[in-house]
>>> print(open('data13.cif').read())   # mmCIF, C-alpha atoms and all ligand atoms
data_start
loop_
_atom_site.label_atom_id
_atom_site.label_comp_id
_atom_site.auth_asym_id
_atom_site.auth_seq_id
_atom_site.Cartn_x
_atom_site.Cartn_y
_atom_site.Cartn_z
CA MET A 1 -3.57 -6.18 1.40
CA ARG A 2 -6.98 -5.01 0.27
CA GLY A 3 -7.55 -3.33 -3.07
CA LEU A 4 -4.30 -4.04 -4.90
CA GLN A 5 -5.39 -6.97 -7.03
CA GLY A 6 -5.85 -5.96 -10.66
CA LYS A 7 -4.55 -2.43 -10.07
CA ASN A 8 -2.16 -0.95 -12.67
CA VAL A 9 1.03 0.40 -11.14
CA LEU A 10 3.91 2.39 -12.67
CA VAL A 11 7.19 2.20 -10.73
CA THR A 12 9.92 4.61 -11.82
CA GLY A 13 13.50 3.38 -11.47
CA GLY A 14 12.04 -0.10 -11.19
CA SER A 15 15.06 -2.02 -12.43
CA SER A 16 17.06 -2.16 -9.20
CA GLY A 17 17.05 -1.76 -5.43
CA ILE A 18 13.94 -0.38 -3.75
CA GLY A 19 12.05 0.11 -7.04
CA GLN A 20 12.61 -3.51 -8.00
CA ALA A 21 11.39 -4.76 -4.62
CA ILE A 22 8.31 -2.54 -4.90
CA ALA A 23 7.47 -3.82 -8.40
CA VAL A 24 7.81 -7.42 -7.25
CA ARG A 25 5.74 -6.87 -4.09
CA PHE A 26 2.89 -5.27 -6.06
CA ALA A 27 2.91 -8.26 -8.42
CA GLN A 28 2.75 -10.59 -5.39
CA HIS A 29 -0.44 -8.78 -4.41
CA GLY A 30 -1.91 -9.38 -7.87
CA ALA A 31 -1.28 -5.88 -9.31
CA ASN A 32 -0.05 -5.31 -12.86
CA VAL A 33 3.23 -3.44 -13.05
CA ALA A 34 4.88 -1.14 -15.56
CA ILE A 35 8.58 -1.24 -14.72
CA ASN A 36 10.41 1.90 -15.77
CA TYR A 37 14.10 1.57 -16.61
CA LEU A 38 16.50 4.28 -17.71
CA LYS A 39 18.53 3.01 -20.67
CA GLN A 40 18.63 -0.60 -21.84
CA PRO A 41 15.87 -3.19 -21.41
CA GLU A 42 18.53 -5.60 -20.07
CA GLU A 43 18.76 -3.37 -16.97
CA ALA A 44 15.26 -4.41 -16.02
CA HIS A 45 15.71 -8.09 -16.87
CA ASP A 46 16.17 -9.18 -13.25
CA THR A 47 13.07 -7.27 -12.09
CA GLU A 48 11.03 -8.74 -14.93
CA GLU A 49 12.17 -12.27 -14.08
CA GLN A 50 11.16 -11.79 -10.45
CA VAL A 51 7.84 -10.30 -11.48
CA HIS A 52 7.29 -13.23 -13.84
CA ALA A 53 7.87 -15.60 -10.94
CA CYS A 54 5.03 -13.80 -9.12
CA VAL A 55 2.92 -13.84 -12.24
CA THR A 56 3.15 -17.61 -12.20
CA ARG A 57 2.27 -17.68 -8.49
CA VAL A 58 -0.74 -15.40 -8.88
CA GLN A 59 -1.64 -16.48 -12.41
CA GLU A 60 -5.29 -16.83 -11.57
CA HIS A 61 -5.42 -13.06 -11.16
CA GLY A 62 -3.90 -12.54 -14.62
CA VAL A 63 -1.03 -10.30 -13.53
CA LYS A 64 0.68 -8.48 -16.40
CA ASP A 65 3.97 -6.64 -16.54
CA VAL A 66 5.51 -4.32 -19.09
CA LEU A 67 8.88 -2.63 -19.41
CA VAL A 68 8.78 1.11 -19.98
CA GLN A 69 11.95 2.94 -20.98
CA GLY A 70 12.29 6.57 -19.97
CA ASP A 71 14.26 9.29 -18.23
CA VAL A 72 12.06 10.88 -15.56
CA SER A 73 13.87 14.20 -15.95
CA LYS A 74 12.64 14.56 -19.57
CA ASP A 75 9.04 15.64 -20.03
CA VAL A 76 8.62 13.86 -23.39
CA ASP A 77 9.80 10.61 -21.81
CA VAL A 78 7.47 11.02 -18.85
CA GLU A 79 4.45 11.61 -21.11
CA ARG A 80 5.38 8.56 -23.20
CA MET A 81 5.98 6.36 -20.14
CA VAL A 82 2.56 7.10 -18.71
CA GLN A 83 0.95 6.74 -22.17
CA GLU A 84 2.62 3.35 -22.66
CA THR A 85 1.47 2.24 -19.22
CA VAL A 86 -2.12 3.14 -20.05
CA ASP A 87 -1.95 1.67 -23.59
CA ARG A 88 -0.48 -1.62 -22.43
CA LEU A 89 -2.15 -2.13 -19.05
CA GLY A 90 -5.44 -0.34 -19.75
CA SER A 91 -5.19 2.43 -17.14
CA ILE A 92 -2.97 3.75 -14.37
CA ASP A 93 -4.09 3.49 -10.74
CA VAL A 94 -0.85 3.84 -8.79
CA LEU A 95 2.34 5.80 -9.43
CA VAL A 96 5.47 5.12 -7.39
CA ASN A 97 8.00 7.94 -7.78
CA ASN A 98 11.12 5.99 -6.89
CA ALA A 99 13.86 6.97 -9.39
CA GLY A 100 16.62 8.86 -7.64
CA ILE A 101 20.29 9.80 -7.80
CA GLN A 102 22.80 11.55 -5.55
CA VAL A 103 26.02 13.49 -6.04
CA SER A 104 28.56 13.97 -3.25
CA ARG A 105 30.59 17.19 -3.16
CA PRO A 106 31.39 19.88 -0.59
CA SER A 107 28.64 22.45 -1.18
CA HIS A 108 31.10 25.27 -1.94
CA GLU A 109 32.52 23.15 -4.77
CA LEU A 110 29.20 21.92 -6.11
CA VAL A 111 28.69 23.05 -9.71
CA ASN A 112 25.27 24.12 -10.98
CA GLY A 113 25.09 21.20 -13.39
CA ASP A 114 25.41 18.58 -10.62
CA PHE A 115 22.95 20.36 -8.35
CA ASP A 116 20.45 20.71 -11.22
CA ARG A 117 20.83 17.07 -12.30
CA VAL A 118 19.86 15.75 -8.86
CA ILE A 119 16.90 18.14 -8.58
CA ASP A 120 15.82 17.31 -12.15
CA VAL A 121 15.66 13.57 -11.49
CA ASN A 122 14.55 13.41 -7.85
CA LEU A 123 12.17 16.35 -7.57
CA ARG A 124 11.23 17.76 -10.97
CA GLY A 125 10.97 14.19 -12.34
CA SER A 126 8.64 13.22 -9.49
CA PHE A 127 6.53 16.33 -10.15
CA MET A 128 6.25 15.58 -13.88
CA CYS A 129 5.34 11.92 -13.29
CA ALA A 130 2.78 12.97 -10.66
CA ARG A 131 1.28 15.56 -13.03
CA GLU A 132 0.89 13.00 -15.83
CA ALA A 133 -0.57 10.39 -13.47
CA ILE A 134 -3.03 12.88 -11.94
CA ARG A 135 -4.20 13.94 -15.42
CA ARG A 136 -4.97 10.28 -16.11
CA PHE A 137 -6.64 9.71 -12.72
CA LEU A 138 -8.93 12.68 -13.44
CA GLU A 139 -9.68 11.59 -17.04
CA GLN A 140 -10.39 8.04 -15.92
CA GLY A 141 -12.63 9.31 -13.11
CA THR A 142 -11.26 6.51 -10.97
CA GLY A 143 -9.09 8.41 -8.51
CA GLY A 144 -5.66 6.99 -7.84
CA THR A 145 -2.72 7.07 -5.52
CA ILE A 146 0.87 8.27 -5.61
CA ILE A 147 3.69 7.15 -3.35
CA ASN A 148 6.85 9.26 -3.33
CA VAL A 149 10.00 7.41 -2.30
CA SER A 150 11.68 10.17 -0.35
CA SER A 151 14.32 9.65 2.35
CA VAL A 152 15.16 10.32 5.97
CA HIS A 153 16.99 13.27 4.39
CA GLN A 154 13.60 14.83 3.81
CA ARG A 155 14.04 15.68 7.51
CA ILE A 156 17.72 15.12 8.42
CA PRO A 157 20.27 17.42 6.74
CA LYS A 158 22.87 15.57 4.64
CA PRO A 159 26.07 17.62 4.38
CA LEU A 160 28.08 16.99 1.17
CA TYR A 161 24.82 15.97 -0.56
CA LEU A 162 23.11 19.34 -0.87
CA GLY A 163 21.18 18.60 -4.06
CA TYR A 164 19.92 15.36 -2.57
CA SER A 165 18.82 16.96 0.72
CA VAL A 166 17.07 19.80 -1.09
CA SER A 167 15.33 17.39 -3.48
CA LYS A 168 14.02 15.21 -0.66
CA GLY A 169 12.97 18.23 1.41
CA GLY A 170 11.04 19.37 -1.67
CA MET A 171 9.47 15.95 -1.96
CA GLN A 172 7.84 16.42 1.43
CA ASN A 173 6.09 19.51 0.07
CA LEU A 174 5.24 17.74 -3.18
CA THR A 175 3.52 15.06 -1.11
CA THR A 176 1.58 17.35 1.22
CA THR A 177 0.59 19.95 -1.38
CA LEU A 178 -0.67 17.45 -3.96
CA ALA A 179 -2.42 15.51 -1.20
CA LEU A 180 -4.35 18.59 -0.12
CA GLU A 181 -5.07 19.76 -3.65
CA TYR A 182 -6.62 16.48 -4.81
CA ALA A 183 -8.00 14.98 -1.57
CA ASP A 184 -11.59 15.66 -2.63
CA ARG A 185 -11.13 13.89 -5.97
CA GLY A 186 -10.24 10.42 -4.75
CA ILE A 187 -6.50 10.93 -5.17
CA ARG A 188 -4.21 10.14 -2.25
CA VAL A 189 -0.54 11.16 -2.16
CA ASN A 190 1.86 9.77 0.44
CA GLY A 191 5.55 9.10 0.85
CA ILE A 192 7.97 6.69 2.42
CA GLY A 193 11.22 7.87 3.96
CA PRO A 194 13.76 5.06 3.79
CA GLY A 195 16.75 5.09 6.10
CA ALA A 196 20.03 3.40 5.16
CA THR A 197 18.97 0.57 2.87
CA VAL A 198 21.01 -2.16 1.23
CA THR A 199 20.78 -1.25 -2.48
CA PRO A 200 23.17 -0.35 -5.33
CA ILE A 201 23.02 3.39 -4.48
CA ASN A 202 25.00 2.49 -1.31
CA ARG A 203 27.65 0.34 -2.95
CA ALA A 204 30.30 2.46 -1.16
CA TRP A 205 29.49 0.85 2.19
CA ILE A 206 27.44 -2.29 1.62
CA ASP A 207 30.37 -4.21 0.14
CA ASN A 208 32.82 -3.06 2.84
CA PRO A 209 32.22 -4.77 6.22
CA ALA A 210 34.10 -2.11 8.24
CA LYS A 211 32.21 0.78 6.60
CA ARG A 212 28.92 -1.07 6.92
CA GLU A 213 29.51 -1.56 10.64
CA GLN A 214 30.22 2.16 10.93
CA VAL A 215 26.95 3.01 9.16
CA GLU A 216 24.92 0.55 11.21
CA ALA A 217 26.34 1.86 14.50
CA HIS A 218 24.40 5.11 13.85
CA ILE A 219 21.07 3.33 13.46
CA PRO A 220 19.08 2.75 16.67
CA MET A 221 18.06 -0.75 15.48
CA ARG A 222 21.75 -1.40 14.62
CA ARG A 223 21.12 -2.65 11.12
CA ALA A 224 20.47 -1.32 7.65
CA GLY A 225 17.06 -1.89 6.11
CA ASP A 226 16.42 -4.00 3.06
CA ALA A 227 14.51 -3.06 -0.04
CA ASP A 228 11.70 -5.47 0.74
CA GLU A 229 10.97 -3.61 3.99
CA MET A 230 10.43 -0.45 1.92
CA ALA A 231 8.21 -2.35 -0.53
CA GLY A 232 5.81 -3.57 2.17
CA VAL A 233 5.07 -0.06 3.43
CA THR A 234 4.72 1.27 -0.12
CA CYS A 235 2.11 -1.38 -0.95
CA PHE A 236 0.30 -0.67 2.31
CA LEU A 237 0.05 3.05 1.45
CA ALA A 238 -1.32 2.18 -2.01
CA SER A 239 -3.83 -0.31 -0.62
CA ASP A 240 -7.37 0.18 0.64
CA ASP A 241 -6.02 -0.52 4.14
CA ALA A 242 -4.62 3.03 3.92
CA ALA A 243 -7.76 4.50 2.31
CA TYR A 244 -8.00 7.33 4.86
CA ILE A 245 -4.29 8.27 4.81
CA THR A 246 -3.06 11.13 2.65
CA GLY A 247 -0.22 13.66 2.80
CA GLN A 248 1.88 11.52 5.14
CA THR A 249 5.44 10.27 4.90
CA ILE A 250 6.17 7.09 6.83
CA PHE A 251 9.82 6.83 7.81
CA VAL A 252 11.07 3.28 7.41
CA ASP A 253 14.41 3.81 9.06
CA GLY A 254 15.11 1.64 12.11
CA GLY A 255 14.74 4.75 14.28
CA LEU A 256 17.14 7.07 12.41
CA THR A 257 14.74 10.03 12.60
CA LEU A 258 14.45 9.68 16.41
CA TYR A 259 17.55 11.80 17.19
CA PRO A 260 19.72 8.74 18.05
CA SER A 261 22.30 10.82 19.90
CA PHE A 262 19.65 11.38 22.59
CA ALA A 263 19.42 7.61 23.30
CA GLU A 264 21.63 8.27 26.36
CA PRO A 265 20.85 11.42 28.34
CA TRP A 266 23.69 13.94 27.87
CA SER A 267 22.04 17.31 28.19
CA SER A 268 20.82 17.00 31.81
CA GLU A 269 21.67 15.00 34.96
P1 LIG A 301 19.20 2.42 -6.97
O1 LIG A 301 20.36 3.18 -7.48
O2 LIG A 301 19.21 0.94 -7.01
O3 LIG A 301 17.84 2.89 -7.66
C1 LIG A 301 17.66 4.10 -8.33
C2 LIG A 301 16.94 3.80 -9.63
O4 LIG A 301 16.62 5.03 -10.27
C3 LIG A 301 17.82 2.98 -10.60
O5 LIG A 301 17.06 1.91 -11.11
C4 LIG A 301 18.15 3.98 -11.70
O6 LIG A 301 18.29 3.39 -12.98
C5 LIG A 301 16.92 4.87 -11.65
N1 LIG A 301 17.15 6.18 -12.24
C6 LIG A 301 18.16 7.05 -12.01
N2 LIG A 301 18.03 8.14 -12.77
C7 LIG A 301 16.89 7.96 -13.50
C8 LIG A 301 16.21 8.73 -14.47
N3 LIG A 301 16.68 9.93 -14.86
N4 LIG A 301 15.07 8.24 -15.02
C9 LIG A 301 14.59 7.02 -14.65
N5 LIG A 301 15.20 6.24 -13.74
C10 LIG A 301 16.33 6.71 -13.18
O7 LIG A 301 19.01 2.92 -5.46
P2 LIG A 301 17.81 2.76 -4.43
O8 LIG A 301 18.40 2.80 -3.10
O9 LIG A 301 16.93 1.62 -4.79
O10 LIG A 301 17.03 4.15 -4.63
C11 LIG A 301 15.65 4.24 -4.89
C12 LIG A 301 15.08 5.46 -4.22
O11 LIG A 301 15.20 5.30 -2.80
C13 LIG A 301 15.80 6.76 -4.55
O12 LIG A 301 14.86 7.79 -4.75
C14 LIG A 301 16.62 7.04 -3.31
O13 LIG A 301 16.86 8.41 -3.10
C15 LIG A 301 15.71 6.47 -2.24
N6 LIG A 301 16.40 6.19 -0.99
C16 LIG A 301 17.33 5.20 -0.90
C17 LIG A 301 17.98 4.97 0.30
C18 LIG A 301 19.01 3.91 0.46
O14 LIG A 301 19.69 3.88 1.52
N7 LIG A 301 19.20 3.00 -0.47
C19 LIG A 301 17.68 5.74 1.42
C20 LIG A 301 16.72 6.74 1.29
C21 LIG A 301 16.09 6.95 0.09
#
>>> encode(input="data13.cif", output="structure tokens")
Amino acid sequence: MRGLQGKNVLVTGGSSGIGQAIAVRFAQHGANVAINYLKQPEEAHDTEEQVHACVTRVQEHGVKDVLVQGDVSKDVDVERMVQETVDRLGSIDVLVNNAGIQVSRPSHELVNGDFDRVIDVNLRGSFMCAREAIRRFLEQGTGGTIINVSSVHQRIPKPLYLGYSVSKGGMQNLTTTLALEYADRGIRVNGIGPGATVTPINRAWIDNPAKREQVEAHIPMRRAGDADEMAGVTCFLASDDAAYITGQTIFVDGGLTLYPSFAEPWSSE
């Protein structure tokens, strides 16, 4: 993909699942990656090893990687994470807002603390990271690009996961509003909307064949996605091949957002 080589990329929640695949795929394209992890550096060990394997493959491009600890819901951490990225890689060109959590509870039993926690990480965290990255893009005078890892639940309601649905719905507006606000300053903001993807967040069904079959029966393509399929689209949106795209969310979902229950006509003869 054009324009990724030598770029400096910060991936939040980069130590597992989709974030890990994104970090590795950027490194494969010759980009330098700052891998954010939440608590212990060991969490990000696997990502770093995989990135190092790419570093060896693309050594001639001098790919670098750094580990950056931080909680995206804390403003001091966010400022430090972006500062460390710039100090250690030289600049920041791409931010991937990927860190995310979910809490399952009937909405009438959902306590404020659980609702707030999901919003704080998924939405407010993405806003704070975007704000810090945009400040740097403007200071650097280089422009830049942000990719928000949203969800099909940006569009499809998710009962029992109210905080999650609201956070991802908000992410759509984060993407479009920032895209419009900064379009004339060389800053593009886009999103991806993963469908059901095989990652640790879905442990409840990926390790249980019967439950997995149940999940996959709802997907028009009859299979869950994998993290690498999310990574490819993310890199595309950050690349010069997508230079004229801003404010869009690409759903990477095997057809989940196509109203699958209409696959067979049922509302008319
Ligand atoms: P995951 O649990 O493997 O990844 C989430 C990452 O976020 C983890 O590395 C975790 O440590 C990190 N994280 C959590 N709280 C954090 C915080 N406060 N600060 C920094 N990092 C934090 O799951 P995943 O499926 O790879 O999820 C990645 C993103 O993809 C999430 O935003 C999720 O909502 C989205 N998504 C996933 C699916 C899916 O089916 N897996 C579907 C749609 C959207």
>>> atom_distance(input="data13.cif", atom1="CA of Gln40 (chain A)", atom2="CA of Ser150 (chain A)")
25.0 Å
>>> residues_near_ligand(input="data13.cif", ligand="ligand LIG 301 (chain A)", cutoff="6 Å", atoms="only C-alpha atoms and all ligand atoms", output="PyMOL selection string")
chain A and resi 12-19+37-38+70-73+98-101+121+149-151+194-202
>>> write_last_selection(input="data13.cif", atoms="C-alpha atoms", output="compact mmCIF listing (two decimals), in the frame of the given file")
# COMPACT_ATOMS: atom_id res chain seq x y z
CA THR A 12 9.92 4.61 -11.82
CA GLY A 13 13.50 3.38 -11.47
CA GLY A 14 12.04 -0.10 -11.19
CA SER A 15 15.06 -2.02 -12.43
CA SER A 16 17.06 -2.16 -9.20
CA GLY A 17 17.05 -1.76 -5.43
CA ILE A 18 13.94 -0.38 -3.75
CA GLY A 19 12.05 0.11 -7.04
CA TYR A 37 14.10 1.57 -16.61
CA LEU A 38 16.50 4.28 -17.71
CA GLY A 70 12.29 6.57 -19.97
CA ASP A 71 14.26 9.29 -18.23
CA VAL A 72 12.06 10.88 -15.56
CA SER A 73 13.87 14.20 -15.95
CA ASN A 98 11.12 5.99 -6.89
CA ALA A 99 13.86 6.97 -9.39
CA GLY A 100 16.62 8.86 -7.64
CA ILE A 101 20.29 9.80 -7.80
CA VAL A 121 15.66 13.57 -11.49
CA VAL A 149 10.00 7.41 -2.30
CA SER A 150 11.68 10.17 -0.35
CA SER A 151 14.32 9.65 2.35
CA PRO A 194 13.76 5.06 3.79
CA GLY A 195 16.75 5.09 6.10
CA ALA A 196 20.03 3.40 5.16
CA THR A 197 18.97 0.57 2.87
CA VAL A 198 21.01 -2.16 1.23
CA THR A 199 20.78 -1.25 -2.48
CA PRO A 200 23.17 -0.35 -5.33
CA ILE A 201 23.02 3.39 -4.48
CA ASN A 202 25.00 2.49 -1.31
>>> residues_around(input="data13.cif", residues="region 169-176 of chain A", least_positions_apart="4", cutoff="7 Å", atoms="only C-alpha atoms", output="ChimeraX atom specification")
/A:123,150,154-155,165,180,189-191,247
>>> closest_residue(input="data13.cif", among="A:Ile146, A:Met81, A:Ile134, A:Val103", to="Phe236 (chain A)", atoms="only C-alpha atoms")
A:Ile146
>>> closest_residue(input="data13.cif", among="A:Ala23, A:Val166, A:Val78, A:Ile147", to="Glu132 (chain A)", atoms="only C-alpha atoms")
A:Val78
>>> atom_distance(input="data13.cif", atom1="CA of Glu49 (chain A)", atom2="CA of Lys7 (chain A)")
19.8 Å
>>> residues_around(input="data13.cif", residues="Asp241 (chain A)", least_positions_apart="2", cutoff="8 Å", atoms="all atoms listed in the file", output="JSON, numbers by chain")
{"A": [1, 2, 3, 236, 237, 239, 243]}
